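Shown next: target_28.csv, containing CSV, C-alpha atoms.
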```csv
chain,number,residue,atom,x,y,z
T,1,MET,CA,-16.1,-7.5,15.0
T,2,ASN,CA,-18.5,-4.6,14.8
T,3,ASP,CA,-22.0,-5.8,15.4
T,4,GLU,CA,-23.8,-2.5,15.9
T,5,PRO,CA,-26.2,-1.3,13.3
T,6,PRO,CA,-24.7,0.8,10.6
T,7,VAL,CA,-24.8,4.6,11.0
T,8,GLN,CA,-24.2,5.5,7.4
T,9,THR,CA,-26.7,6.1,4.6
T,10,PRO,CA,-26.1,4.5,1.2
T,11,PRO,CA,-24.2,6.8,-1.2
T,12,THR,CA,-26.4,8.0,-4.0
T,13,GLY,CA,-23.8,10.2,-5.8
T,14,LEU,CA,-26.6,12.6,-6.7
T,15,ILE,CA,-27.4,14.4,-3.5
T,16,PRO,CA,-24.5,16.6,-2.3
T,17,PRO,CA,-23.7,15.8,1.3
T,18,ALA,CA,-24.3,18.7,3.6
T,19,ASP,CA,-20.9,18.4,5.4
T,20,PHE,CA,-17.9,16.3,5.5
T,21,THR,CA,-19.2,14.1,8.3
T,22,THR,CA,-22.2,13.2,6.3
T,23,PHE,CA,-20.0,12.5,3.3
T,24,MET,CA,-17.7,10.3,5.4
T,25,ARG,CA,-20.6,8.3,6.8
T,26,ALA,CA,-21.9,7.7,3.3
T,27,TYR,CA,-18.7,6.2,2.1
T,28,GLN,CA,-16.8,4.9,5.1
T,29,ASP,CA,-18.0,1.3,4.7
T,30,MET,CA,-17.0,1.1,1.1
T,31,VAL,CA,-13.6,2.6,1.7
T,32,TYR,CA,-12.9,0.4,4.7
T,33,SER,CA,-14.1,-2.7,2.8
T,34,THR,CA,-11.8,-2.0,-0.1
T,35,ALA,CA,-8.8,-1.6,2.3
T,36,VAL,CA,-9.5,-4.5,4.6
T,37,ARG,CA,-10.0,-6.9,1.7
T,38,LEU,CA,-6.7,-5.9,0.2
T,39,VAL,CA,-4.5,-5.7,3.3
T,40,LYS,CA,-6.4,-8.2,5.4
T,41,ASN,CA,-5.4,-6.5,8.6
T,42,GLU,CA,-8.3,-4.5,10.3
T,43,ALA,CA,-6.0,-2.0,12.1
T,44,GLN,CA,-4.0,-1.2,9.0
T,45,ALA,CA,-7.3,-0.9,7.0
T,46,GLU,CA,-8.5,1.6,9.4
T,47,ASP,CA,-5.3,3.6,9.1
T,48,ILE,CA,-5.6,3.5,5.3
T,49,SER,CA,-9.3,4.6,5.5
T,50,GLN,CA,-8.3,7.5,7.7
T,51,ASP,CA,-5.7,8.6,5.1
T,52,VAL,CA,-8.2,8.3,2.3
T,53,PHE,CA,-10.7,10.6,4.1
T,54,LEU,CA,-7.9,13.1,5.0
T,55,LYS,CA,-7.1,13.3,1.3
T,56,ALA,CA,-10.8,13.5,0.5
T,57,HIS,CA,-11.1,16.5,2.9
T,58,GLU,CA,-8.4,18.3,0.9
T,59,HIS,CA,-10.6,17.9,-2.2
T,60,PHE,CA,-14.0,18.2,-0.5
T,61,ASP,CA,-15.0,21.2,-2.5
T,62,THR,CA,-15.0,19.2,-5.6
T,63,LEU,CA,-15.9,15.8,-4.2
T,64,SER,CA,-19.0,17.0,-2.3
T,65,THR,CA,-20.8,17.7,-5.5
T,66,SER,CA,-19.2,15.1,-7.7
T,67,PRO,CA,-21.2,12.1,-8.9
T,68,THR,CA,-18.0,10.1,-9.1
T,69,ALA,CA,-16.9,10.7,-5.6
T,70,GLY,CA,-17.4,7.1,-4.7
T,71,GLY,CA,-15.1,6.0,-7.6
T,72,TRP,CA,-12.5,8.5,-6.5
T,73,LEU,CA,-12.5,7.3,-3.0
T,74,LYS,CA,-12.3,3.7,-4.1
T,75,THR,CA,-9.4,4.4,-6.4
T,76,VAL,CA,-7.5,6.2,-3.6
T,77,ALA,CA,-8.3,3.4,-1.1
T,78,THR,CA,-7.0,0.8,-3.6
T,79,ASN,CA,-3.9,2.7,-4.4
T,80,LEU,CA,-3.0,3.4,-0.8
T,81,SER,CA,-3.6,-0.2,0.1
T,82,LEU,CA,-1.4,-1.4,-2.7
T,83,ASN,CA,1.3,1.1,-1.7
T,84,HIS,CA,1.0,-0.1,1.9
T,85,LEU,CA,1.5,-3.7,0.8
T,86,SER,CA,4.4,-3.0,-1.5
T,87,ARG,CA,6.1,-0.7,1.1
T,88,TYR,CA,5.9,-3.1,4.0
T,89,ARG,CA,5.6,-6.5,2.7
T,90,ASN,CA,7.8,-7.0,-0.4
T,91,ARG,CA,10.7,-8.5,1.5
T,92,TRP,CA,8.5,-10.7,3.6
T,93,ARG,CA,6.5,-11.8,0.6
T,94,PHE,CA,9.8,-12.8,-1.1
T,95,PHE,CA,10.7,-14.9,2.0
T,96,SER,CA,7.3,-16.6,2.1
T,97,GLU,CA,6.4,-17.1,-1.5
T,98,PHE,CA,9.5,-17.8,-3.6
T,99,ARG,CA,8.9,-21.5,-3.0
T,100,ARG,CA,5.6,-21.3,-4.9
T,101,ASP,CA,7.1,-19.9,-8.1
T,102,ASP,CA,7.5,-23.4,-9.6
T,103,GLY,CA,4.0,-23.2,-11.0
T,104,ALA,CA,2.7,-25.9,-8.8
T,105,GLY,CA,1.3,-23.7,-6.1
T,106,ALA,CA,0.6,-24.5,-2.5
T,107,GLU,CA,-2.7,-26.0,-3.4
T,108,ALA,CA,-1.3,-28.4,-6.0
T,109,GLY,CA,-1.4,-31.4,-3.7
T,110,GLU,CA,-4.9,-30.8,-2.6
T,111,PRO,CA,-7.9,-32.5,-4.3
T,112,GLU,CA,-9.6,-30.7,-7.1
T,113,VAL,CA,-12.9,-28.9,-6.5
T,114,GLU,CA,-15.9,-31.0,-7.5
T,115,PHE,CA,-19.5,-30.1,-7.1
T,116,ALA,CA,-22.9,-31.0,-8.4
T,117,ALA,CA,-23.3,-27.8,-10.5
T,118,PRO,CA,-24.6,-25.5,-7.7
T,119,ASP,CA,-25.5,-21.9,-8.5
T,120,THR,CA,-24.2,-20.8,-5.2
T,121,PHE,CA,-22.0,-22.1,-2.4
T,122,PHE,CA,-24.5,-21.4,0.4
T,123,ALA,CA,-28.0,-22.3,-0.6
T,124,GLY,CA,-29.5,-22.2,2.8
T,125,VAL,CA,-27.1,-20.2,4.9
T,126,ASP,CA,-28.2,-16.8,6.1
T,127,ALA,CA,-26.5,-13.7,4.8
T,128,GLY,CA,-24.7,-12.9,8.0
T,129,GLU,CA,-23.1,-16.3,8.3
T,130,ARG,CA,-22.3,-16.3,4.6
T,131,ARG,CA,-20.5,-13.0,4.9
T,132,VAL,CA,-18.4,-14.3,7.8
T,133,LEU,CA,-17.5,-17.5,6.0
T,134,VAL,CA,-16.5,-15.9,2.7
T,135,GLU,CA,-14.6,-13.1,4.4
T,136,ALA,CA,-12.7,-15.7,6.5
T,137,ALA,CA,-12.0,-17.7,3.3
T,138,LEU,CA,-10.7,-14.7,1.6
T,139,GLY,CA,-8.4,-14.0,4.5
T,140,LYS,CA,-6.9,-17.4,4.3
T,141,LEU,CA,-5.7,-16.9,0.7
T,142,PRO,CA,-2.0,-15.9,0.4
T,143,GLU,CA,-1.5,-12.3,-0.5
T,144,HIS,CA,-0.3,-13.0,-4.0
T,145,GLN,CA,-3.7,-14.6,-4.8
T,146,ARG,CA,-6.0,-12.5,-2.6
T,147,VAL,CA,-4.9,-9.1,-3.9
T,148,PRO,CA,-5.5,-9.8,-7.7
T,149,LEU,CA,-8.7,-11.7,-6.9
T,150,VAL,CA,-10.1,-8.8,-4.9
T,151,LEU,CA,-9.0,-6.3,-7.6
T,152,TYR,CA,-10.7,-8.4,-10.3
T,153,HIS,CA,-13.9,-9.4,-8.6
T,154,PHE,CA,-14.6,-6.4,-6.2
T,155,GLU,CA,-12.9,-3.5,-8.0
T,156,ASP,CA,-13.8,-4.7,-11.5
T,157,LEU,CA,-10.2,-4.0,-12.8
T,158,PRO,CA,-9.2,-5.8,-16.0
T,159,TYR,CA,-6.3,-8.2,-16.0
T,160,ASP,CA,-3.9,-5.8,-17.7
T,161,GLU,CA,-4.7,-3.0,-15.3
T,162,ILE,CA,-4.1,-5.4,-12.3
T,163,ALA,CA,-0.8,-6.5,-13.8
T,164,ARG,CA,0.2,-2.8,-14.2
T,165,LYS,CA,-0.8,-1.9,-10.7
T,166,LEU,CA,1.0,-4.9,-9.1
T,167,GLY,CA,4.0,-4.7,-11.4
T,168,ILE,CA,3.8,-8.3,-12.5
T,169,SER,CA,3.2,-10.1,-15.8
T,170,LEU,CA,-0.3,-10.5,-17.3
T,171,ALA,CA,0.2,-14.3,-17.3
T,172,LYS,CA,1.0,-14.3,-13.6
T,173,VAL,CA,-2.1,-12.3,-12.9
T,174,LYS,CA,-4.3,-14.7,-14.8
T,175,THR,CA,-2.6,-17.7,-13.1
T,176,ASP,CA,-2.9,-16.2,-9.6
T,177,ILE,CA,-6.5,-15.4,-10.0
T,178,LEU,CA,-7.3,-18.8,-11.4
T,179,ARG,CA,-5.6,-20.5,-8.5
T,180,ALA,CA,-7.2,-18.0,-6.1
T,181,ARG,CA,-10.7,-19.0,-7.3
T,182,ALA,CA,-9.8,-22.7,-6.9
T,183,ALA,CA,-8.3,-22.2,-3.5
T,184,LEU,CA,-11.3,-20.1,-2.4
T,185,ALA,CA,-13.6,-22.8,-3.6
T,186,GLN,CA,-11.6,-25.4,-1.7
T,187,ILE,CA,-11.8,-23.4,1.5
T,188,LEU,CA,-15.5,-22.7,1.1
T,189,ALA,CA,-16.1,-26.4,0.4
T,190,ARG,CA,-14.4,-27.3,3.6
T,191,SER,CA,-16.1,-24.6,5.7
T,192,GLY,CA,-18.7,-27.1,6.9
T,193,THR,CA,-21.9,-25.5,5.8
T,194,PRO,CA,-24.8,-28.0,6.1
T,195,HIS,CA,-26.2,-27.2,2.7
T,196,GLU,CA,-22.8,-27.4,0.9
T,197,THR,CA,-22.9,-29.3,-2.3
T,198,PHE,CA,-19.1,-29.3,-2.8
T,199,ASN,CA,-17.1,-32.5,-2.6
T,200,ALA,CA,-13.5,-31.4,-2.1
N,1,MET,CA,-17.8,-33.0,-11.4
N,2,LYS,CA,-14.9,-30.6,-11.9
N,3,PRO,CA,-16.1,-27.1,-12.7
N,4,THR,CA,-14.9,-25.4,-15.8
N,5,PRO,CA,-12.8,-22.2,-15.3
N,6,GLU,CA,-15.7,-20.2,-16.7
N,7,GLU,CA,-18.1,-21.8,-14.3
N,8,LEU,CA,-15.8,-21.3,-11.3
N,9,GLU,CA,-15.3,-17.7,-12.3
N,10,ARG,CA,-19.1,-17.1,-12.5
N,11,ILE,CA,-19.8,-18.8,-9.1
N,12,ILE,CA,-16.9,-17.1,-7.3
N,13,HIS,CA,-17.9,-13.7,-8.8
N,14,GLN,CA,-21.5,-14.2,-7.7
N,15,THR,CA,-20.4,-15.3,-4.2
N,16,LEU,CA,-18.0,-12.4,-3.7
N,17,ARG,CA,-20.3,-9.7,-5.2
N,18,SER,CA,-23.2,-10.8,-3.0
N,19,LEU,CA,-21.1,-9.8,0.1
N,20,PRO,CA,-22.3,-6.7,1.8
N,21,PRO,CA,-19.6,-4.0,2.5
N,22,ARG,CA,-17.6,-4.6,5.7
N,23,ARG,CA,-18.7,-2.2,8.3
N,24,ALA,CA,-16.2,0.5,9.2
N,25,PRO,CA,-15.2,0.7,12.8
N,26,HIS,CA,-17.0,3.4,14.8
N,27,SER,CA,-13.6,4.8,15.8
N,28,LEU,CA,-12.8,5.7,12.2
N,29,GLU,CA,-15.0,8.8,12.2
N,30,SER,CA,-13.7,10.2,15.4
N,31,ARG,CA,-10.1,9.5,14.3
N,32,VAL,CA,-10.6,11.3,11.1
N,33,ARG,CA,-12.2,14.2,12.9
N,34,ALA,CA,-9.4,14.4,15.4
N,35,ALA,CA,-6.8,14.3,12.7
N,36,LEU,CA,-8.6,17.1,10.8
N,37,GLU,CA,-8.8,19.2,14.0
N,38,ALA,CA,-5.1,18.6,14.7
N,39,ARG,CA,-4.2,19.5,11.2
N,40,ALA,CA,-6.3,22.7,11.3
N,41,SER,CA,-4.8,23.8,14.6
N,42,LEU,CA,-1.3,23.8,13.2
N,43,PRO,CA,0.2,27.1,12.3
N,44,TRP,CA,0.7,27.6,8.6
N,45,TRP,CA,4.4,27.0,8.6
N,46,LYS,CA,3.9,23.6,10.1
N,47,GLN,CA,1.4,22.5,7.5
N,48,SER,CA,2.2,21.1,4.1
N,49,PHE,CA,4.2,23.4,1.8
N,50,ALA,CA,1.4,23.4,-0.7
N,51,ARG,CA,-0.8,25.1,1.9
N,52,TRP,CA,1.6,27.9,2.7
N,53,PRO,CA,0.6,31.4,1.5
N,54,LEU,CA,2.0,32.3,-1.9
N,55,ALA,CA,4.2,35.1,-0.5
N,56,ALA,CA,5.7,32.7,2.1
N,57,ARG,CA,6.5,30.2,-0.6
N,58,VAL,CA,8.2,32.7,-2.8
N,59,ALA,CA,10.2,34.1,0.2
N,60,PHE,CA,11.2,30.5,1.1
N,61,PHE,CA,12.6,29.9,-2.4
N,62,ILE,CA,14.5,33.1,-2.4
N,63,GLY,CA,15.8,32.5,1.1
N,64,SER,CA,16.8,28.9,0.1
N,65,ALA,CA,18.8,30.2,-2.9
N,66,GLY,CA,20.5,32.7,-0.6
N,67,VAL,CA,21.4,30.1,1.9
N,68,ALA,CA,22.8,27.8,-0.8
N,69,LYS,CA,25.0,30.6,-2.1
N,70,LEU,CA,26.2,31.4,1.4
N,71,VAL,CA,27.2,27.8,1.9
N,72,LEU,CA,29.1,27.7,-1.3
N,73,MET,CA,30.9,30.9,-0.4
N,74,ALA,CA,31.8,29.6,3.0
N,75,ALA,CA,33.1,26.3,1.5
N,76,ILE,CA,35.3,28.0,-1.0
N,77,TRP,CA,36.6,30.4,1.6
N,78,VAL,CA,37.6,27.5,3.9
N,79,MET,CA,39.2,25.6,0.9
N,80,ALA,CA,41.1,28.8,0.0
N,81,GLY,CA,42.7,28.7,3.5
N,82,PHE,CA,40.7,31.7,4.6
N,83,ASP,CA,42.4,33.8,2.0
N,84,GLY,CA,40.3,36.8,1.4
N,85,ALA,CA,41.9,37.8,-1.9
N,86,GLN,CA,41.4,34.3,-3.5
N,87,PHE,CA,37.9,34.2,-2.0
N,88,ALA,CA,37.0,37.5,-3.7
N,89,GLY,CA,38.6,36.3,-7.0
N,90,ALA,CA,36.6,33.2,-7.0
N,91,PHE,CA,33.4,35.2,-7.0
N,92,SER,CA,34.5,37.9,-9.3
N,93,THR,CA,33.4,36.2,-12.4
N,94,GLN,CA,29.8,35.4,-13.4
N,95,PHE,CA,30.3,31.7,-13.4
N,96,ALA,CA,32.4,31.4,-10.3
N,97,TRP,CA,30.0,28.9,-8.8
N,98,ILE,CA,31.0,26.3,-11.3
N,99,GLN,CA,34.6,26.6,-10.2
N,100,THR,CA,33.5,26.5,-6.6
N,101,ALA,CA,31.5,23.4,-7.1
N,102,SER,CA,34.4,21.8,-9.0
N,103,ALA,CA,36.8,22.7,-6.3
N,104,ILE,CA,34.6,21.2,-3.6
N,105,VAL,CA,34.3,17.9,-5.6
N,106,ASP,CA,38.0,17.8,-6.2
N,107,GLY,CA,38.7,18.5,-2.6
N,108,PHE,CA,36.4,15.8,-1.5
N,109,GLY,CA,37.9,13.4,-4.0
N,110,ASN,CA,41.4,14.1,-2.8
N,111,PHE,CA,40.3,13.6,0.8
N,112,CYS,CA,38.7,10.2,0.0
N,113,GLY,CA,41.8,9.2,-2.0
N,114,THR,CA,44.1,10.1,0.9
N,115,VAL,CA,42.0,8.1,3.3
N,116,TYR,CA,41.8,5.1,1.0
N,117,ARG,CA,45.5,5.1,0.5
N,118,GLY,CA,46.1,5.3,4.2
N,119,ILE,CA,44.1,2.1,4.9
N,120,PRO,CA,46.1,-1.2,4.7
N,121,PRO,CA,44.7,-3.5,2.0
N,122,LEU,CA,44.2,-6.3,4.5
N,123,TRP,CA,42.0,-4.2,6.6
N,124,LEU,CA,40.0,-3.0,3.6
N,125,TYR,CA,39.3,-6.5,2.3
N,126,GLY,CA,38.8,-7.9,5.8
N,127,GLY,CA,36.2,-5.2,6.5
N,128,LEU,CA,34.4,-5.8,3.2
N,129,ALA,CA,34.3,-9.5,3.9
N,130,PHE,CA,33.0,-8.9,7.4
N,131,VAL,CA,30.3,-6.6,6.2
N,132,ALA,CA,29.2,-9.1,3.5
N,133,ALA,CA,29.2,-12.0,6.0
N,134,MET,CA,27.1,-10.0,8.5
N,135,TYR,CA,24.7,-9.0,5.8
N,136,ALA,CA,24.3,-12.6,4.7
N,137,ALA,CA,23.9,-13.8,8.3
N,138,LEU,CA,21.3,-11.1,9.0
N,139,PHE,CA,19.4,-12.0,5.8
N,140,GLY,CA,19.3,-15.7,6.6
N,141,LEU,CA,18.4,-15.0,10.2
N,142,THR,CA,15.5,-12.8,9.3
N,143,ALA,CA,14.2,-15.2,6.7
N,144,THR,CA,14.3,-18.1,9.2
N,145,ALA,CA,12.7,-16.0,11.9
N,146,TYR,CA,9.9,-15.0,9.5
N,147,ARG,CA,9.3,-18.6,8.4
N,148,MET,CA,9.2,-19.8,12.0
N,149,LEU,CA,7.4,-17.0,13.7
N,150,TYR,CA,5.1,-15.5,11.1
N,151,ALA,CA,4.6,-17.3,7.8
N,152,ASN,CA,3.1,-20.5,9.4
N,153,ARG,CA,0.6,-18.7,11.6
```
For this file, produce the structure as structure tokens.
Amino acid sequence: MNDEPPVQTPPTGLIPPADFTTFMRAYQDMVYSTAVRLVKNEAQAEDISQDVFLKAHEHFDTLSTSPTAGGWLKTVATNLSLNHLSRYRNRWRFFSEFRRDDGAGAEAGEPEVEFAAPDTFFAGVDAGERRVLVEAALGKLPEHQRVPLVLYHFEDLPYDEIARKLGISLAKVKTDILRARAALAQILARSGTPHETFNA
Amino acid sequence: MKPTPEELERIIHQTLRSLPPRRAPHSLESRVRAALEARASLPWWKQSFARWPLAARVAFFIGSAGVAKLVLMAAIWVMAGFDGAQFAGAFSTQFAWIQTASAIVDGFGNFCGTVYRGIPPLWLYGGLAFVAAMYAALFGLTATAYRMLYANR
């Protein structure tokens, strides 16, 4: 875990960065976050982030003055992460997930999420602890649920775009995201936060 | 109380979007810089083809076409039994390369046919069965190993 203070400045998209290093510092957290939330593995996410910035360097003349540089980087990071997943994990995913294709899901036997209508999971938990808990909970989701959930909630992709990117049906995307939310809620409810109002 | 799907979506969205970005490792910047320096230090012919000078790219295409023609000529010369007259005749017409390619394909087909006819059927079917059995065994072994060593971690 990297606990040192951040070295980058927030991307504005309006002020052209003076050099590539400044550009990279402005966007490296965003690129790394996108990759690590999709592939889950930190070392692989760093490799993907490196590839993203090597590609960005080839187009730096355009990107350095573009207000949409952040979107470009995020799209490239997403695509490289999905390529990575499909290239290295298709066979393993088949081995590990075909048993879940009956529609019941791994979480079918678990109790349903119930709560007293909270607005948030972590009413009194500080931001640092909350981040760790939610990131850990995300990491516990199986890949076929985590990836569409991340694409929907973090990358703001619509269902049909997610289905197209993942090469699966629209119905499966919706089902997987629905189950992912329920599973995430289950995990967060069990995470033992003292102010938790969930009863799983 | 069980949340409605809409309520759950709203809460999950709010929870996820409140997360700050994950901090990139400090090694990322130095890795990218090192990769860029390594890439810049490469001579142009070791860089990606798109970065080659235009003249070099044109020369490469012309050279590749020449090499392809030489290979075809050599192949037909060998198949003609090193007969210079037949070799010259094959290239005397404008579309000789079609005949050449056809001759190569025919020759390869004849060679494969000869080899196939020379193998006893029992060996052939036995070999196929062996390969299929080994493939199935490897598939099952890999799946089992994955389930035991990785999937349950």
Hey, which bits of chain N sit within 8 Å of chain T, and for each residue what's the closest pair of atoms and how far apart in Å (one decimal), counting all atoms listed in the file, rows by chain and increasing number, as a tab-separated table?
```
residue	atom	partner	partner_atom	distance
N:Met1	CA	T:Glu114	CA	4.8
N:Lys2	CA	T:Glu114	CA	4.5
N:Pro3	CA	T:Glu114	CA	6.5
N:Pro5	CA	T:Leu178	CA	7.6
N:Leu8	CA	T:Arg181	CA	6.9
N:Glu9	CA	T:Arg181	CA	6.9
N:Ile11	CA	T:Thr120	CA	6.2
N:Ile12	CA	T:Arg181	CA	6.5
N:His13	CA	T:His153	CA	5.9
N:Gln14	CA	T:Thr120	CA	7.6
N:Thr15	CA	T:Thr120	CA	6.8
N:Leu16	CA	T:His153	CA	7.1
N:Arg17	CA	T:Phe154	CA	6.7
N:Leu19	CA	T:Arg131	CA	5.8
N:Pro20	CA	T:Arg131	CA	7.2
N:Pro21	CA	T:Ser33	CA	5.7
N:Arg22	CA	T:Ser33	CA	4.9
N:Arg23	CA	T:Asp29	CA	5.1
N:Ala24	CA	T:Asp29	CA	4.9
N:Pro25	CA	T:Asn2	CA	6.6
N:Leu28	CA	T:Glu46	CA	6.6
N:Glu29	CA	T:Met24	CA	7.5
N:Arg31	CA	T:Gln50	CA	7.1
N:Val32	CA	T:Gln50	CA	5.6
N:Ala35	CA	T:Leu54	CA	7.9
N:Leu36	CA	T:Leu54	CA	7.1
N:Ala143	CA	T:Phe95	CA	5.9
N:Tyr146	CA	T:Trp92	CA	7.4
N:Arg147	CA	T:Ser96	CA	6.9
N:Ala151	CA	T:Ser96	CA	6.3
```
>> As an exercise, work out the distance from CA of Leu80 (chain T) to CA of Ile48 (chain T) in Å and give it to one decimal place.
In response: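 So the answer is 6.6 Å.
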>> One decimal, in Å: what's the spacing between CA of Glu129 (chain T) and CA of Ala183 (chain T)?
In response: 19.8 Å
May I have the centre and edge lengths, in Å to one decimal, of an axis-aligned box around the listed atoms of region 64-75 of chain T with 3 Å added to every side, as lines of an AutoDock Vina configuration file?
```
center_x = -15.3
center_y = 10.7
center_z = -5.7
size_x = 17.8
size_y = 20.0
size_z = 12.8
```
>> Considering only C-alpha atoms, can you say which of N:Leu124, N:Ala75, N:Leu138, N:Ala40 comes closest to Phe108 (chain N)?
In response: N:Ala75
>> One number please: CA of Lys74 (chain T) to CA of Glu155 (chain T), in Å, one decimal.
In response: 8.2 Å
>> Can you pull out the residues contacting region 54-59 of chain N? Cut-off 10 Å, using only C-alpha atoms, and skip same-chain residues under 5 positions away; I want them as a ChimeraX atom specification.
In response: /N:44-45,49,64-65
